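Next comes coords.tsv, with TSV, C-alpha atoms.
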```tsv
chain	number	residue	atom	x	y	z
E	15	MET	CA	61.92	15.78	101.58
E	16	GLN	CA	59.66	13.23	103.22
E	17	HIS	CA	57.28	13.54	106.18
E	18	PHE	CA	56.10	10.81	108.58
E	19	LEU	CA	52.50	11.75	109.32
E	20	GLU	CA	50.88	8.32	108.93
E	21	PHE	CA	52.29	4.82	108.79
E	22	LYS	CA	51.31	4.52	105.14
E	23	ASP	CA	53.67	7.39	104.24
E	24	PHE	CA	56.53	4.87	103.87
E	25	THR	CA	56.87	1.78	101.69
E	26	GLN	CA	57.51	-1.78	102.78
E	27	ALA	CA	61.11	-1.50	101.55
E	28	GLN	CA	61.66	1.66	103.59
E	29	TYR	CA	60.34	-0.07	106.70
E	30	GLN	CA	62.62	-3.04	106.15
E	31	TYR	CA	65.53	-0.60	106.03
E	32	LEU	CA	64.34	1.17	109.20
E	33	PHE	CA	64.01	-2.10	111.15
E	34	LYS	CA	67.50	-3.15	110.09
E	35	ARG	CA	68.87	0.29	110.92
E	36	THR	CA	67.15	0.31	114.32
E	37	ALA	CA	68.92	-2.92	115.23
E	38	ILE	CA	72.28	-1.41	114.23
E	39	LEU	CA	71.71	1.79	116.23
E	40	LYS	CA	70.50	-0.13	119.27
E	41	SER	CA	73.58	-2.37	119.16
E	42	ARG	CA	75.89	0.65	118.93
E	43	PHE	CA	74.12	2.28	121.88
E	44	LYS	CA	74.39	-0.87	124.01
E	45	ASN	CA	78.10	-1.17	123.20
E	46	TYR	CA	78.90	2.50	123.88
E	47	VAL	CA	79.82	3.16	120.26
E	48	ARG	CA	79.51	6.86	119.46
E	49	HIS	CA	77.36	7.55	116.42
E	50	MET	CA	76.65	11.19	115.69
E	51	PRO	CA	75.45	11.63	112.09
E	52	LEU	CA	73.21	14.58	113.03
E	53	GLN	CA	75.82	16.89	114.53
E	54	ASP	CA	74.74	20.53	114.40
E	55	ARG	CA	71.19	19.48	113.43
E	56	THR	CA	68.20	20.64	115.50
E	57	LEU	CA	64.90	18.95	116.27
E	58	VAL	CA	61.98	21.09	117.43
E	59	MET	CA	59.39	19.19	119.47
E	60	ILE	CA	55.94	20.80	119.65
E	61	PHE	CA	53.62	19.41	122.33
E	62	GLU	CA	49.91	20.14	122.65
E	63	LYS	CA	49.32	16.80	124.42
E	64	ALA	CA	51.18	15.63	127.51
E	65	SER	CA	53.92	13.03	127.11
E	66	THR	CA	56.56	10.99	128.89
E	67	ARG	CA	57.89	8.42	126.40
E	68	THR	CA	57.55	10.58	123.30
E	69	ARG	CA	59.44	13.53	124.71
E	70	LEU	CA	62.15	11.47	126.40
E	71	SER	CA	62.77	9.19	123.42
E	72	PHE	CA	62.99	12.00	120.88
E	73	GLU	CA	65.06	14.30	123.08
E	74	ALA	CA	67.49	11.60	124.20
E	75	GLY	CA	67.62	10.16	120.69
E	76	MET	CA	68.52	13.45	119.05
E	77	HIS	CA	71.21	14.04	121.68
E	78	GLN	CA	72.68	10.57	121.07
E	79	LEU	CA	72.79	11.28	117.33
E	80	GLY	CA	74.84	14.42	118.01
E	81	GLY	CA	72.08	16.98	117.53
E	82	ALA	CA	69.99	19.20	119.78
E	83	ALA	CA	66.31	19.03	120.70
E	84	ILE	CA	64.18	22.04	121.63
E	85	TYR	CA	60.92	21.54	123.56
E	86	LEU	CA	57.98	23.82	122.81
E	87	ASN	CA	54.61	23.59	124.53
E	88	THR	CA	51.80	25.29	122.64
E	89	ARG	CA	50.67	26.97	125.89
E	90	ASP	CA	53.99	28.81	126.02
E	91	THR	CA	54.16	29.86	122.36
E	92	GLN	CA	52.21	32.06	119.99
E	93	LEU	CA	50.43	28.92	118.75
E	94	GLY	CA	48.59	28.98	122.06
E	95	ARG	CA	47.51	32.57	121.38
E	96	GLY	CA	46.00	31.95	117.99
E	97	GLU	CA	48.93	32.19	115.56
E	98	PRO	CA	47.97	30.31	112.40
E	99	VAL	CA	49.58	26.89	112.09
E	100	GLU	CA	50.71	27.80	108.58
E	101	ASP	CA	52.61	30.87	109.82
E	102	ALA	CA	54.23	28.95	112.66
E	103	ALA	CA	55.33	26.23	110.25
E	104	GLN	CA	57.07	28.68	107.96
E	105	VAL	CA	58.93	30.34	110.83
E	106	ILE	CA	59.85	27.25	112.85
E	107	SER	CA	61.01	25.26	109.83
E	108	ARG	CA	63.44	28.03	108.87
E	109	MET	CA	65.20	27.68	112.23
E	110	CYS	CA	65.59	23.91	112.57
E	111	ASP	CA	66.13	20.72	110.57
E	112	LEU	CA	63.32	18.50	111.81
E	113	VAL	CA	59.96	18.98	113.58
E	114	MET	CA	58.04	16.51	115.73
E	115	ILE	CA	54.45	17.40	116.69
E	116	ARG	CA	52.18	15.77	119.29
E	117	THR	CA	48.73	17.26	118.94
E	118	PHE	CA	45.01	16.54	118.68
E	119	ASP	CA	43.59	16.59	115.15
E	120	GLN	CA	45.52	15.07	112.25
E	121	GLU	CA	44.52	18.11	110.19
E	122	ILE	CA	46.78	20.30	112.34
E	123	ILE	CA	49.91	18.32	111.56
E	124	GLN	CA	48.96	18.07	107.88
E	125	ARG	CA	48.60	21.84	107.66
E	126	PHE	CA	51.94	22.31	109.39
E	127	ALA	CA	53.70	19.87	107.07
E	128	ALA	CA	52.21	21.53	103.99
E	129	HIS	CA	54.01	24.76	104.93
E	130	SER	CA	57.20	23.29	106.41
E	131	ARG	CA	60.62	23.43	104.75
E	132	VAL	CA	61.85	20.44	106.82
E	133	PRO	CA	60.54	16.92	107.54
E	134	VAL	CA	57.67	16.68	110.02
E	135	ILE	CA	57.06	13.66	112.29
E	136	ASN	CA	53.75	12.72	113.87
E	137	GLY	CA	54.44	12.18	117.58
E	138	LEU	CA	50.74	11.35	118.10
E	139	THR	CA	47.37	12.67	116.96
E	140	ASN	CA	43.83	11.58	117.71
E	141	GLU	CA	43.87	9.55	114.50
E	142	TYR	CA	47.36	7.97	114.32
E	143	HIS	CA	50.47	7.07	116.32
E	144	PRO	CA	53.01	5.88	113.70
E	145	CYS	CA	56.12	6.16	115.89
E	146	GLN	CA	54.57	3.80	118.44
E	147	ILE	CA	53.83	1.12	115.87
E	148	LEU	CA	57.28	1.51	114.32
E	149	ALA	CA	58.72	0.59	117.73
E	150	ASP	CA	56.14	-2.15	118.35
E	151	LEU	CA	56.90	-3.84	115.05
E	152	PHE	CA	60.63	-3.71	115.68
E	153	THR	CA	60.03	-5.25	119.11
E	154	PHE	CA	58.08	-8.13	117.57
E	155	ILE	CA	60.79	-8.69	114.95
E	156	GLU	CA	63.45	-8.59	117.68
E	157	HIS	CA	61.68	-11.36	119.62
E	158	ARG	CA	59.98	-13.45	116.92
E	159	GLY	CA	61.35	-12.51	113.48
E	160	SER	CA	59.33	-11.25	110.53
E	161	ILE	CA	55.73	-10.26	111.19
E	162	GLU	CA	54.65	-11.08	107.64
E	163	GLY	CA	51.85	-13.65	107.69
E	164	LYS	CA	51.42	-13.38	111.46
E	165	THR	CA	48.25	-12.34	113.34
E	166	VAL	CA	47.91	-9.54	115.90
E	167	ALA	CA	44.91	-9.20	118.24
E	168	TRP	CA	43.85	-5.68	119.18
E	169	ILE	CA	41.57	-5.64	122.24
E	170	GLY	CA	39.79	-2.45	123.30
E	171	ASP	CA	39.16	0.93	121.72
E	172	SER	CA	39.64	1.44	117.98
E	173	ASN	CA	41.83	4.45	118.70
E	174	ASN	CA	44.87	6.03	117.05
E	175	VAL	CA	47.14	3.09	117.92
E	176	CYS	CA	44.62	0.60	116.52
E	177	ASN	CA	44.26	2.65	113.32
E	178	THR	CA	48.02	2.59	112.85
E	179	TRP	CA	48.24	-1.19	113.40
E	180	LEU	CA	45.67	-1.55	110.61
E	181	GLN	CA	47.71	0.62	108.23
E	182	ALA	CA	50.84	-1.36	109.10
E	183	ALA	CA	49.06	-4.65	108.34
E	184	GLU	CA	48.31	-3.48	104.80
E	185	ILE	CA	51.91	-2.47	104.14
E	186	LEU	CA	53.72	-5.36	105.85
E	187	ASN	CA	51.20	-8.10	105.00
E	188	PHE	CA	49.92	-9.43	108.31
E	189	GLN	CA	46.47	-9.77	109.86
E	190	VAL	CA	44.83	-7.89	112.74
E	191	HIS	CA	41.93	-9.26	114.79
E	192	VAL	CA	40.04	-6.37	116.35
E	193	SER	CA	37.57	-6.69	119.21
E	194	THR	CA	35.86	-3.59	120.55
E	195	PRO	CA	32.67	-2.98	122.55
E	196	PRO	CA	29.60	-2.04	120.51
E	197	GLY	CA	29.82	1.57	119.38
E	198	TYR	CA	33.63	1.62	119.35
E	199	GLU	CA	34.24	-0.33	116.13
E	200	VAL	CA	36.87	0.44	113.50
E	201	GLU	CA	36.03	3.21	111.04
E	202	PRO	CA	37.98	2.23	107.90
E	203	GLU	CA	37.87	5.71	106.37
E	204	ARG	CA	39.10	7.36	109.57
E	205	ALA	CA	41.81	4.70	109.84
E	206	GLY	CA	43.01	5.61	106.34
E	207	LEU	CA	42.71	2.09	104.95
E	208	HIS	CA	42.82	1.15	101.29
E	209	SER	CA	40.83	-2.04	101.93
E	210	THR	CA	39.45	-4.21	104.74
E	211	GLY	CA	41.37	-7.32	103.69
E	212	HIS	CA	43.92	-7.27	106.51
E	213	PHE	CA	41.66	-7.11	109.55
E	214	THR	CA	38.68	-8.96	110.98
E	215	GLU	CA	36.33	-7.68	113.68
E	216	PHE	CA	35.11	-9.87	116.54
E	217	GLN	CA	32.37	-9.13	119.04
E	218	ASP	CA	33.90	-11.63	121.50
E	219	PRO	CA	37.47	-10.74	122.54
E	220	MET	CA	38.19	-14.39	123.36
E	221	MET	CA	37.55	-15.29	119.74
E	222	ALA	CA	39.76	-12.41	118.59
E	223	VAL	CA	42.80	-13.68	120.53
E	224	ALA	CA	42.42	-17.35	119.60
E	225	GLY	CA	45.67	-18.60	118.06
E	226	VAL	CA	47.25	-15.17	117.50
E	227	ASP	CA	50.97	-14.33	117.70
E	228	LEU	CA	50.63	-11.03	119.55
E	229	VAL	CA	48.01	-9.54	121.86
E	230	THR	CA	48.03	-5.78	122.33
E	231	THR	CA	45.80	-3.16	123.91
E	232	ASP	CA	45.69	0.42	125.18
E	233	VAL	CA	43.90	2.44	127.84
E	234	TRP	CA	40.12	2.59	127.55
E	235	THR	CA	40.09	6.39	127.57
E	236	SER	CA	42.64	8.14	125.37
E	237	MET	CA	43.78	11.73	125.89
E	238	GLY	CA	41.09	14.15	124.81
E	239	PHE	CA	38.23	11.79	125.72
E	240	GLU	CA	38.38	12.14	129.51
E	241	ALA	CA	34.75	13.31	129.70
E	242	GLU	CA	33.71	9.83	128.52
E	243	ASN	CA	35.71	8.02	131.19
E	244	GLU	CA	32.84	6.61	133.29
E	245	VAL	CA	30.82	5.59	130.25
E	246	ARG	CA	33.85	3.84	128.79
E	247	ARG	CA	34.60	1.99	132.04
E	248	LYS	CA	31.21	0.30	131.85
E	249	ALA	CA	31.36	-0.35	128.10
E	250	PHE	CA	34.84	-1.91	128.21
E	251	GLU	CA	34.63	-3.99	131.39
E	252	HIS	CA	34.75	-7.30	129.46
E	253	TRP	CA	37.69	-6.17	127.32
E	254	CYS	CA	40.42	-6.61	129.92
E	255	VAL	CA	43.36	-8.72	128.74
E	256	ASP	CA	43.67	-11.20	131.60
E	257	THR	CA	45.51	-14.52	131.92
E	258	ASP	CA	42.59	-16.51	130.46
E	259	MET	CA	42.51	-14.30	127.40
E	260	LEU	CA	46.26	-14.46	126.85
E	261	ALA	CA	46.14	-18.25	127.28
E	262	ALA	CA	43.81	-18.44	124.26
E	263	ALA	CA	46.56	-17.05	122.02
E	264	LYS	CA	49.41	-19.17	120.66
E	265	PRO	CA	51.76	-20.61	123.29
E	266	GLY	CA	54.45	-17.98	123.79
E	267	ALA	CA	52.42	-15.19	122.17
E	268	LEU	CA	53.74	-11.76	123.08
E	269	PHE	CA	51.81	-9.07	124.96
E	270	MET	CA	52.28	-5.36	124.22
E	271	HIS	CA	50.89	-2.11	125.60
E	272	CYS	CA	52.01	1.35	124.50
E	273	LEU	CA	51.77	2.69	128.11
E	274	PRO	CA	50.84	4.21	130.45
E	275	ALA	CA	48.79	1.23	131.64
E	276	HIS	CA	45.99	0.89	134.17
E	277	ARG	CA	46.39	-2.51	135.82
E	278	GLY	CA	43.01	-4.03	136.53
E	279	GLU	CA	41.31	-2.13	133.71
E	280	GLU	CA	42.50	-2.85	130.16
E	281	VAL	CA	45.10	-5.37	131.36
E	282	ALA	CA	45.59	-7.58	134.38
E	283	ALA	CA	48.74	-7.09	136.42
E	284	GLU	CA	49.59	-10.78	135.92
E	285	VAL	CA	49.71	-10.19	132.14
E	286	ILE	CA	51.60	-6.91	131.86
E	287	ASP	CA	54.11	-8.02	134.50
E	288	GLY	CA	54.19	-11.62	133.29
E	289	PRO	CA	56.73	-13.56	131.20
E	290	GLN	CA	54.99	-12.97	127.85
E	291	SER	CA	54.96	-9.20	128.25
E	292	VAL	CA	57.53	-7.22	126.28
E	293	VAL	CA	56.24	-3.77	127.23
E	294	TRP	CA	59.56	-2.55	128.63
E	295	ASP	CA	61.45	-3.58	125.49
E	296	GLU	CA	58.65	-1.94	123.51
E	297	ALA	CA	59.05	1.31	125.46
E	298	GLU	CA	62.85	1.32	125.12
E	299	ASN	CA	62.61	0.66	121.40
E	300	ARG	CA	60.82	3.97	120.87
E	301	LEU	CA	64.28	5.51	121.41
E	302	HIS	CA	66.11	3.38	118.87
E	303	ALA	CA	63.37	3.25	116.22
E	304	GLN	CA	62.98	7.02	116.29
E	305	LYS	CA	66.73	7.50	116.00
E	306	ALA	CA	66.62	5.42	112.82
E	307	LEU	CA	63.64	7.46	111.63
E	308	MET	CA	65.28	10.84	112.23
E	309	GLU	CA	68.53	9.71	110.66
E	310	PHE	CA	66.63	8.44	107.61
E	311	LEU	CA	64.62	11.65	107.18
E	312	LEU	CA	67.76	13.81	107.29
E	313	ARG	CA	70.42	11.54	105.79
E	314	GLY	CA	68.56	8.98	103.71
E	315	GLU	CA	69.60	5.33	103.64
E	316	LEU	CA	73.08	4.67	105.00
E	317	LEU	CA	75.36	1.68	104.68
E	318	ASP	CA	75.67	-0.68	107.64
E	319	ASP	CA	79.12	0.68	108.52
E	320	GLN	CA	78.06	4.32	108.41
```
Encoded form (structure tokens):
Amino acid sequence: MQHFLEFKDFTQAQYQYLFKRTAILKSRFKNYVRHMPLQDRTLVMIFEKASTRTRLSFEAGMHQLGGAAIYLNTRDTQLGRGEPVEDAAQVISRMCDLVMIRTFDQEIIQRFAAHSRVPVINGLTNEYHPCQILADLFTFIEHRGSIEGKTVAWIGDSNNVCNTWLQAAEILNFQVHVSTPPGYEVEPERAGLHSTGHFTEFQDPMMAVAGVDLVTTDVWTSMGFEAENEVRRKAFEHWCVDTDMLAAAKPGALFMHCLPAHRGEEVAAEVIDGPQSVVWDEAENRLHAQKALMEFLLRGELLDDQ
């Protein structure tokens, strides 16, 4: 049994399989080819944080694979009334085949996984967002080929998405340029890095994007940090990805954003709605990448014709 709690939980070879498998599953979906390897299997989705893309992609994905998805909000369960995570894990995992959790602290999902009898997937925590980067990487590969040896610019907060990009760079051998306002820099230990050899920090975001293959960002204030919103608005005002910033990247560099986006804050409307933006492909690919992930966790590696 294998969990997917951080990006570094899988090997490079496993990711290469998942990217290949995602392409196969996406092609079958687009061509109306039924593929139901998870018939009679059940996914339980536990949400402590609000979601649009995570819930829809997992629920629709499980349905398309022939299984069923059950939505649980912690407010409506005994978890919201103080039931220990360890107890909930033992009960829930006896009644389903797969669990996805979207919560606050990484420790919560680690405690759940330690007492689960089935694979557990991180749907987002304060520290990491591995499913998002799985989809982002597939989107890059779909448009530009292998990401090995390429350079990604991360502009903005060193949040859970940034941390996961940094883990991915170590495993898949690419570079990340990170530019954050003072006080919001990368914390290598919190990011779960083995070394600092795959990322470089820049005080000037224009220098960070110079000559890169991909520019990506996120909202200035992530869920759980709303009390800091006004402070962050002032701190991040020069970290908006606008047309001048994107023009400093390689010609044809892609732009990504995990959404939801605030046009005029972390990204200009002309960028996110422009020709170099692949945010809608990126959002759609959450569905297909997570189908490959769930299939892999429950069935292992399959042949191309399976």
Pick from E:Lys305, E:Arg246, E:His271, E:His208, whichever lies nearest to Asp150 in chain E using all atoms listed in the file: E:His271
Long-range neighbours of Ser130 in chain E as a ChimeraX atom specification, 9 Å cut-off, all atoms listed in the file, 3 positions minimum in chain: /E:100,102-108,113,125-127,133-134
Which of E:Arg55, E:Met50, E:Phe72, E:Glu251 sits closest to Leu312 in chain E [using all atoms listed in the file]: E:Arg55
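If you look at CA of Arg131 in chain E and CA of Cys145 in chain E, they are 21.0 Å away from each other.
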Protein, DNA and RNA residues within 12 Å of (71.6, 6.2, 105.2), only C-alpha atoms, as a PyMOL selection string: chain E and resi 28+31-32+34-36+38-39+51-52+305-320
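Our summary of the geometry notes that CA of Glu97 in chain E is positioned 21.3 Å from CA of Asp111 in chain E.
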